[in-house]
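Remarks on the structure that follows.
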Amino acid sequence: MSLMKKSAQKARAQACCLLPTYSADTFGVCSALFELGGMVVIHDPSGCNSTYTTHDEPRWYDTDSLIFISAMNEYDAILGRDDRLLQNLIETVRAERPRFLCLIPSQIAYLIATDLQAIARAVERTTGVPSFTLPTNSMHDAERGIYLALEEIARRIPPSSARTGGSRLRVNVLGATPLDFPLAGTRQSLADFFVQADATLQSCWAMDCTYEELCTAAAADVSLVVSYGGLGAARVLQERFGIPYVIGAPIGPLKAPLADALHEVAHHAARRASSRRSDSDTPTRLSMITTITTPPNVQQILNTKKYPADKSASSEKEYIWPQALLPLMHAEGSAPNAPATCIIGESIFAASLAAALQAADGRNARLIVPTAHAPQLLPPGTITCPSETALIAMLADTAVLLADPLYQALCPPDLPFLPLPHTACSGRLYEAQQRNLLDDAAFSALLKELRYKAPLQNYGKESP
């Protein structure tokens with residue numbers, strides 16, 4: 001095969017003719033910080049701001065937020081006019097007095113290596129407003145931006161709210177943004193879940209919330225990570241305040257095991273902290289790694305023994321503090337090549353939905369994750385970031401697809417399709433059709449529709 005032919009094939013594999021790109025990491029930062037009273041400036045030519053506000057931000061017309069574009073021009077890019085950017089930032093920060101300034105680069109600022117960290121330091125020194133930058137470049141998807149933004153906020157919140165004994169478990173929800181969850185109803189569904197779980201919502205990162213609410217996160221007993229975007233914040237809260245975390249979205253039958261895991265993990269962490277305080281001879285770092293393990297009940301509930309430890313962990317404490325992974329599907333439950341239910345979406349939400357469908361219906365699902373993710377949290381057989389060409393071939397051997405409506409363009413005409421609008425994929429095009437699957441009625445309706453369009457007895461090894 002000639003080199004030119006190989007290059008053409010590679011280009012076709014990387015190109016998308018029918019699907020859009022997912023919302024960019026810069027927009028993920030904007031979405032995560034939207035309600036927190038700060039000022040976000042994308043260092044980019046005019047245009048990116050309107051793309052975000054028009055397509056990806058359902059709160060834009062109803063909620064005030066300081067989201068700006070620097071309007072970089074050709075002379076700025078060629079001559080490096082950082083002085084103009086710095087002066088504009090100082091004037092705007094003095095006029096608006098935001099809680100903080102977040103300065104983020106898109107492709108051009110990234111490619112010309114603009115030193116936004118130095119500019120942020122200069123703004124903070126001149127105005128007294130906390131300022132920082134994040135390593136975005138608009139060439140990654142929104143999940144990475146959400147991850148970076150919430151992780152930075154977790155580093156900055158004060159440790160002022162000490163935990164005290166109480167009858168109800170206090171839970172931080174991490175990674176809830178309108179890019180992954182419907183704006184209408186999500187927070188209420190989370191609050192209802194915690195009432196059923198004999199818990200209370202301490203803080204919601206970062207939808208229907210305030211910065212003051214996030215500053216109380218140190219008082220929580222445990223965190224619940226509902227999307228990959230919240231994983232970085234969970235690790236920082238664990239490192240700074242010893243708050244353990246559980247991973248999973250509370251969907252349908254998944255609610256009970258997640259509630260049990262939250263209580264079990266929080267109880268184990270409290271006993272661990274009490275033991276550490278009472279034993280002054282015990283070293284803080286890990287001579288104890290062989291004796292402190294995840295509680296047996298959590299392992300039994302969530303089958304964590306089947307999945308490897310988090311090799312991307314930056315802290316040894318990841319292996320000390322108990323953390324519960326998703327109750328993911330058994331890999332042996334279906335034949336590898338059998339037609340399957342297929343779910344395309346954000347990694348933790350898609351895996352949670354798959355687990356809920358298996359618990360409710362005995363239905364095994366194959367996951368396709370096109371966004372940023374932690375590989376160690378995915379069940380066996382998950383396909384990540386496939387090309388459009390590969391997706392078309394995969395969907396030809398699928399029994400039913402649950403995905404954003406834009407994916408229907410890749411499907412065979414006779415493939416049963418259930419739309420799951422995902423703002424990070426299709427923006428606000430299908431906002432009216434969004435399903436709040438954290439609500440029991442919405443999950444039951446989805447299950448009923450799924451059973452009607454793709455009965456289990458119609459395909460392969462999934463029959464009960």
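Chains: A, B, ... in order of the structure tokens. Residues: from 1 per chain. Ligands: from 1, in order shown.
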
Who sits within 8 Å of Asp221 (chain A), only C-alpha atoms, same chain under 2 positions skipped, as an mmCIF file with all heavy atoms, in the first residue's frame:
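Everything below was put into part.cif:
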data_model
loop_
_atom_site.group_PDB
_atom_site.id
_atom_site.type_symbol
_atom_site.label_atom_id
_atom_site.label_comp_id
_atom_site.auth_asym_id
_atom_site.auth_seq_id
_atom_site.Cartn_x
_atom_site.Cartn_y
_atom_site.Cartn_z
ATOM 1 N N ARG A 163 -15.860 19.406 60.529
ATOM 2 C CA ARG A 163 -16.900 18.387 60.630
ATOM 3 C C ARG A 163 -17.226 18.124 62.097
ATOM 4 O O ARG A 163 -16.347 17.987 62.926
ATOM 5 C CB ARG A 163 -16.436 17.092 59.955
ATOM 6 C CG ARG A 163 -16.699 17.089 58.474
ATOM 7 C CD ARG A 163 -16.139 15.850 57.838
ATOM 8 N NE ARG A 163 -14.703 16.001 57.616
ATOM 9 C CZ ARG A 163 -13.913 15.020 57.236
ATOM 10 N NH1 ARG A 163 -14.394 13.820 57.068
ATOM 11 N NH2 ARG A 163 -12.629 15.234 57.040
ATOM 12 N N LEU A 169 -25.811 11.897 57.182
ATOM 13 C CA LEU A 169 -24.573 11.934 56.404
ATOM 14 C C LEU A 169 -24.568 13.173 55.522
ATOM 15 O O LEU A 169 -25.569 13.500 54.882
ATOM 16 C CB LEU A 169 -24.507 10.668 55.536
ATOM 17 C CG LEU A 169 -23.173 10.317 54.890
ATOM 18 C CD1 LEU A 169 -22.197 9.864 55.969
ATOM 19 C CD2 LEU A 169 -23.380 9.211 53.862
ATOM 20 N N ARG A 170 -23.429 13.877 55.459
ATOM 21 C CA ARG A 170 -23.301 15.071 54.610
ATOM 22 C C ARG A 170 -22.454 14.723 53.394
ATOM 23 O O ARG A 170 -21.336 14.216 53.538
ATOM 24 C CB ARG A 170 -22.679 16.213 55.405
ATOM 25 C CG ARG A 170 -23.593 16.793 56.472
ATOM 26 C CD ARG A 170 -22.831 17.419 57.600
ATOM 27 N NE ARG A 170 -21.972 16.426 58.255
ATOM 28 C CZ ARG A 170 -21.287 16.666 59.361
ATOM 29 N NH1 ARG A 170 -21.346 17.847 59.923
ATOM 30 N NH2 ARG A 170 -20.541 15.731 59.901
ATOM 31 N N VAL A 171 -23.016 15.017 52.211
ATOM 32 C CA VAL A 171 -22.405 14.548 50.970
ATOM 33 C C VAL A 171 -22.154 15.715 50.023
ATOM 34 O O VAL A 171 -23.041 16.537 49.773
ATOM 35 C CB VAL A 171 -23.306 13.503 50.269
ATOM 36 C CG1 VAL A 171 -22.598 12.922 49.044
ATOM 37 C CG2 VAL A 171 -23.712 12.393 51.232
ATOM 38 N N ALA A 219 -16.843 20.362 55.405
ATOM 39 C CA ALA A 219 -17.645 19.815 56.495
ATOM 40 C C ALA A 219 -18.344 18.521 56.121
ATOM 41 O O ALA A 219 -19.022 17.915 56.943
ATOM 42 C CB ALA A 219 -18.680 20.847 56.945
ATOM 43 N N SER A 223 -17.854 12.313 49.563
ATOM 44 C CA SER A 223 -18.194 12.924 48.277
ATOM 45 C C SER A 223 -18.737 11.870 47.332
ATOM 46 O O SER A 223 -18.335 10.704 47.383
ATOM 47 C CB SER A 223 -16.971 13.601 47.647
ATOM 48 O OG SER A 223 -16.499 14.664 48.441
ATOM 49 N N ILE A 243 -11.638 13.554 53.127
ATOM 50 C CA ILE A 243 -13.010 13.193 52.757
ATOM 51 C C ILE A 243 -12.953 12.076 51.710
ATOM 52 O O ILE A 243 -12.470 12.301 50.589
ATOM 53 C CB ILE A 243 -13.781 14.403 52.198
ATOM 54 C CG1 ILE A 243 -13.806 15.533 53.225
ATOM 55 C CG2 ILE A 243 -15.193 14.002 51.801
ATOM 56 C CD1 ILE A 243 -14.412 16.824 52.711
ATOM 57 N N PRO A 244 -13.442 10.882 52.026
ATOM 58 C CA PRO A 244 -13.422 9.796 51.029
ATOM 59 C C PRO A 244 -14.474 10.044 49.951
ATOM 60 O O PRO A 244 -15.314 10.952 50.088
ATOM 61 C CB PRO A 244 -13.773 8.559 51.863
ATOM 62 C CG PRO A 244 -14.639 9.090 52.950
ATOM 63 C CD PRO A 244 -14.097 10.465 53.271
ATOM 64 N N ALA A 266 -18.014 6.399 54.520
ATOM 65 C CA ALA A 266 -17.890 7.489 55.489
ATOM 66 C C ALA A 266 -17.631 6.940 56.895
ATOM 67 O O ALA A 266 -16.816 7.492 57.645
ATOM 68 C CB ALA A 266 -19.157 8.339 55.475
#

Exercise: Ser31 (chain A) partners within 12 Å, only C-alpha atoms, chain neighbours under 3 positions left out, as a ChimeraX atom specification: /A:23-28,34-36,38-40,49,52-53,55-60,65-67,142-150,175-181,183,205-208,229,423-424

Would you compute the distance between CA of Arg155 (chain A) and CA of Leu174 (chain A)? Give it in Å to one decimal.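 Answer for the CA of Arg155 (chain A) to CA of Leu174 (chain A) separation: 13.9 Å.
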
Residues at most 6 Å from Cys342 (chain A), counting only C-alpha atoms, excluding those fewer than 4 positions away in the same chain, as a list of chain:residue names?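 Neighbouring residues, sequence-local ones excluded: A:Ala365, A:Arg366, A:Leu367, A:Leu401.
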
Selection from above, C-alpha atoms, as an mmCIF file, in the first residue's frame, can you write it?
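Written out: result23.cif:
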data_model
loop_
_atom_site.group_PDB
_atom_site.id
_atom_site.type_symbol
_atom_site.label_atom_id
_atom_site.label_comp_id
_atom_site.auth_asym_id
_atom_site.auth_seq_id
_atom_site.Cartn_x
_atom_site.Cartn_y
_atom_site.Cartn_z
ATOM 1 C CA ALA A 365 -24.535 -3.065 27.768
ATOM 2 C CA ARG A 366 -21.450 -2.109 25.820
ATOM 3 C CA LEU A 367 -20.116 1.371 26.561
ATOM 4 C CA LEU A 401 -28.440 2.330 20.851
#

Give me, as a PDB file with N, CA and C atoms, in the first residue's frame, all polymer residues having an atom no more than 12 Å from Gln87 (chain A), counting only C-alpha atoms and skipping those fewer than 3 positions away in the same chain.
ATOM      1  N   SER A  70     -11.026  37.676  25.130  1.00  0.00           N
ATOM      2  CA  SER A  70     -10.012  38.739  25.087  1.00  0.00           C
ATOM      3  C   SER A  70      -9.967  39.452  23.744  1.00  0.00           C
ATOM      4  N   ARG A  81       1.366  41.081  22.119  1.00  0.00           N
ATOM      5  CA  ARG A  81       0.933  42.263  22.856  1.00  0.00           C
ATOM      6  C   ARG A  81       0.299  41.875  24.200  1.00  0.00           C
ATOM      7  N   ASP A  82       1.101  41.273  25.055  1.00  0.00           N
ATOM      8  CA  ASP A  82       0.586  40.881  26.366  1.00  0.00           C
ATOM      9  C   ASP A  82       0.249  42.097  27.222  1.00  0.00           C
ATOM     10  N   ASP A  83       0.903  43.225  26.939  1.00  0.00           N
ATOM     11  CA  ASP A  83       0.638  44.426  27.726  1.00  0.00           C
ATOM     12  C   ASP A  83      -0.805  44.888  27.547  1.00  0.00           C
ATOM     13  N   ARG A  84      -1.338  44.762  26.315  1.00  0.00           N
ATOM     14  CA  ARG A  84      -2.733  45.154  26.077  1.00  0.00           C
ATOM     15  C   ARG A  84      -3.689  44.252  26.840  1.00  0.00           C
ATOM     16  N   ILE A  90      -6.799  44.194  34.075  1.00  0.00           N
ATOM     17  CA  ILE A  90      -6.751  44.987  35.309  1.00  0.00           C
ATOM     18  C   ILE A  90      -7.935  45.950  35.366  1.00  0.00           C
ATOM     19  N   GLU A  91      -8.230  46.624  34.247  1.00  0.00           N
ATOM     20  CA  GLU A  91      -9.348  47.575  34.220  1.00  0.00           C
ATOM     21  C   GLU A  91     -10.678  46.873  34.475  1.00  0.00           C
ATOM     22  N   THR A  92     -10.872  45.713  33.854  1.00  0.00           N
ATOM     23  CA  THR A  92     -12.149  45.005  33.998  1.00  0.00           C
ATOM     24  C   THR A  92     -12.297  44.415  35.390  1.00  0.00           C
ATOM     25  N   VAL A  93     -11.232  43.874  35.930  1.00  0.00           N
ATOM     26  CA  VAL A  93     -11.300  43.325  37.288  1.00  0.00           C
ATOM     27  C   VAL A  93     -11.595  44.427  38.296  1.00  0.00           C
ATOM     28  N   ARG A  94     -10.992  45.570  38.134  1.00  0.00           N
ATOM     29  CA  ARG A  94     -11.262  46.689  39.056  1.00  0.00           C
ATOM     30  C   ARG A  94     -12.705  47.170  38.939  1.00  0.00           C
ATOM     31  N   ILE A 119       0.794  36.504  33.664  1.00  0.00           N
ATOM     32  CA  ILE A 119      -0.208  37.575  33.554  1.00  0.00           C
ATOM     33  C   ILE A 119      -1.192  37.496  34.714  1.00  0.00           C
ATOM     34  N   ALA A 120      -1.629  36.272  35.068  1.00  0.00           N
ATOM     35  CA  ALA A 120      -2.552  36.106  36.198  1.00  0.00           C
ATOM     36  C   ALA A 120      -1.912  36.594  37.496  1.00  0.00           C
ATOM     37  N   ALA A 122       0.371  38.890  37.780  1.00  0.00           N
ATOM     38  CA  ALA A 122       0.453  40.355  37.716  1.00  0.00           C
ATOM     39  C   ALA A 122      -0.902  40.986  38.032  1.00  0.00           C
ATOM     40  N   VAL A 123      -1.982  40.381  37.525  1.00  0.00           N
ATOM     41  CA  VAL A 123      -3.326  40.903  37.807  1.00  0.00           C
ATOM     42  C   VAL A 123      -3.621  40.800  39.301  1.00  0.00           C
ATOM     43  N   THR A 126      -1.688  43.366  41.312  1.00  0.00           N
ATOM     44  CA  THR A 126      -2.143  44.748  41.104  1.00  0.00           C
ATOM     45  C   THR A 126      -3.518  45.000  41.702  1.00  0.00           C
ATOM     46  N   THR A 127      -4.427  44.034  41.592  1.00  0.00           N
ATOM     47  CA  THR A 127      -5.825  44.257  41.992  1.00  0.00           C
ATOM     48  C   THR A 127      -6.187  43.625  43.336  1.00  0.00           C
TER      49      THR A 127
END

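Here the DSSP assignment of strand (DSSP E), based on backbone atoms, applies within region 63-122 of chain A to Leu66, Ile67, Phe68, Ile69, Leu101, Cys102, Leu103, Ile104 and Pro105 of chain A.
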
Create the file for the chosen residues now, containing all heavy atoms and written as a PDB file, in the first residue's frame.
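In the end it all went to result25.pdb:
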ATOM      1  N   LEU A  66     -19.833  36.495  34.595  1.00  0.00           N
ATOM      2  CA  LEU A  66     -18.781  37.264  33.937  1.00  0.00           C
ATOM      3  C   LEU A  66     -17.927  36.336  33.074  1.00  0.00           C
ATOM      4  O   LEU A  66     -16.878  35.842  33.482  1.00  0.00           O
ATOM      5  CB  LEU A  66     -17.912  37.972  34.982  1.00  0.00           C
ATOM      6  CG  LEU A  66     -18.639  38.984  35.889  1.00  0.00           C
ATOM      7  CD1 LEU A  66     -17.703  39.484  36.973  1.00  0.00           C
ATOM      8  CD2 LEU A  66     -19.181  40.146  35.058  1.00  0.00           C
ATOM      9  N   ILE A  67     -18.402  36.066  31.868  1.00  0.00           N
ATOM     10  CA  ILE A  67     -17.663  35.243  30.903  1.00  0.00           C
ATOM     11  C   ILE A  67     -17.246  36.160  29.757  1.00  0.00           C
ATOM     12  O   ILE A  67     -18.101  36.732  29.063  1.00  0.00           O
ATOM     13  CB  ILE A  67     -18.533  34.086  30.354  1.00  0.00           C
ATOM     14  CG1 ILE A  67     -19.144  33.273  31.500  1.00  0.00           C
ATOM     15  CG2 ILE A  67     -17.712  33.212  29.421  1.00  0.00           C
ATOM     16  CD1 ILE A  67     -18.173  32.433  32.275  1.00  0.00           C
ATOM     17  N   PHE A  68     -15.932  36.322  29.540  1.00  0.00           N
ATOM     18  CA  PHE A  68     -15.422  37.269  28.544  1.00  0.00           C
ATOM     19  C   PHE A  68     -14.493  36.572  27.558  1.00  0.00           C
ATOM     20  O   PHE A  68     -13.961  35.489  27.829  1.00  0.00           O
ATOM     21  CB  PHE A  68     -14.652  38.407  29.222  1.00  0.00           C
ATOM     22  CG  PHE A  68     -15.512  39.320  30.065  1.00  0.00           C
ATOM     23  CD1 PHE A  68     -15.582  39.150  31.436  1.00  0.00           C
ATOM     24  CD2 PHE A  68     -16.225  40.352  29.487  1.00  0.00           C
ATOM     25  CE1 PHE A  68     -16.351  39.985  32.226  1.00  0.00           C
ATOM     26  CE2 PHE A  68     -17.003  41.198  30.261  1.00  0.00           C
ATOM     27  CZ  PHE A  68     -17.068  41.018  31.629  1.00  0.00           C
ATOM     28  N   ILE A  69     -14.294  37.252  26.442  1.00  0.00           N
ATOM     29  CA  ILE A  69     -13.294  36.849  25.454  1.00  0.00           C
ATOM     30  C   ILE A  69     -12.287  37.991  25.345  1.00  0.00           C
ATOM     31  O   ILE A  69     -12.651  39.167  25.467  1.00  0.00           O
ATOM     32  CB  ILE A  69     -13.959  36.562  24.081  1.00  0.00           C
ATOM     33  CG1 ILE A  69     -13.077  35.676  23.215  1.00  0.00           C
ATOM     34  CG2 ILE A  69     -14.299  37.826  23.339  1.00  0.00           C
ATOM     35  CD1 ILE A  69     -13.253  34.225  23.511  1.00  0.00           C
ATOM     36  N   LEU A 101     -10.402  35.597  39.253  1.00  0.00           N
ATOM     37  CA  LEU A 101     -10.216  35.662  37.808  1.00  0.00           C
ATOM     38  C   LEU A 101      -9.618  34.345  37.340  1.00  0.00           C
ATOM     39  O   LEU A 101      -8.614  33.878  37.879  1.00  0.00           O
ATOM     40  CB  LEU A 101      -9.274  36.812  37.434  1.00  0.00           C
ATOM     41  CG  LEU A 101      -8.744  36.794  35.986  1.00  0.00           C
ATOM     42  CD1 LEU A 101      -9.869  37.044  34.983  1.00  0.00           C
ATOM     43  CD2 LEU A 101      -7.613  37.808  35.804  1.00  0.00           C
ATOM     44  N   CYS A 102     -10.245  33.739  36.342  1.00  0.00           N
ATOM     45  CA  CYS A 102      -9.692  32.547  35.695  1.00  0.00           C
ATOM     46  C   CYS A 102      -9.409  32.896  34.238  1.00  0.00           C
ATOM     47  O   CYS A 102     -10.315  33.228  33.471  1.00  0.00           O
ATOM     48  CB  CYS A 102     -10.679  31.380  35.776  1.00  0.00           C
ATOM     49  SG  CYS A 102     -10.103  29.887  34.930  1.00  0.00           S
ATOM     50  N   LEU A 103      -8.140  32.848  33.863  1.00  0.00           N
ATOM     51  CA  LEU A 103      -7.687  33.219  32.524  1.00  0.00           C
ATOM     52  C   LEU A 103      -7.257  31.953  31.789  1.00  0.00           C
ATOM     53  O   LEU A 103      -6.331  31.265  32.230  1.00  0.00           O
ATOM     54  CB  LEU A 103      -6.521  34.201  32.644  1.00  0.00           C
ATOM     55  CG  LEU A 103      -5.881  34.735  31.372  1.00  0.00           C
ATOM     56  CD1 LEU A 103      -6.898  35.465  30.509  1.00  0.00           C
ATOM     57  CD2 LEU A 103      -4.711  35.655  31.736  1.00  0.00           C
ATOM     58  N   ILE A 104      -7.954  31.613  30.693  1.00  0.00           N
ATOM     59  CA  ILE A 104      -7.687  30.341  30.017  1.00  0.00           C
ATOM     60  C   ILE A 104      -7.373  30.542  28.532  1.00  0.00           C
ATOM     61  O   ILE A 104      -7.991  31.360  27.868  1.00  0.00           O
ATOM     62  CB  ILE A 104      -8.869  29.357  30.179  1.00  0.00           C
ATOM     63  CG1 ILE A 104     -10.195  30.025  29.803  1.00  0.00           C
ATOM     64  CG2 ILE A 104      -8.913  28.806  31.589  1.00  0.00           C
ATOM     65  CD1 ILE A 104     -11.386  29.093  29.869  1.00  0.00           C
ATOM     66  N   PRO A 105      -6.403  29.792  28.024  1.00  0.00           N
ATOM     67  CA  PRO A 105      -6.038  29.927  26.605  1.00  0.00           C
ATOM     68  C   PRO A 105      -6.868  28.999  25.715  1.00  0.00           C
ATOM     69  O   PRO A 105      -7.291  27.925  26.138  1.00  0.00           O
ATOM     70  CB  PRO A 105      -4.570  29.495  26.593  1.00  0.00           C
ATOM     71  CG  PRO A 105      -4.479  28.481  27.698  1.00  0.00           C
ATOM     72  CD  PRO A 105      -5.458  28.917  28.748  1.00  0.00           C
TER      73      PRO A 105
END

Kindly give the distance, in Å, that separates CA of Arg97 (chain A) and CA of Pro130 (chain A), rounded to a single decimal. 10.5 Å

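Taking CA of Pro20 (chain A) and CA of Leu406 (chain A) as the two end points, the separation is 8.3 Å.
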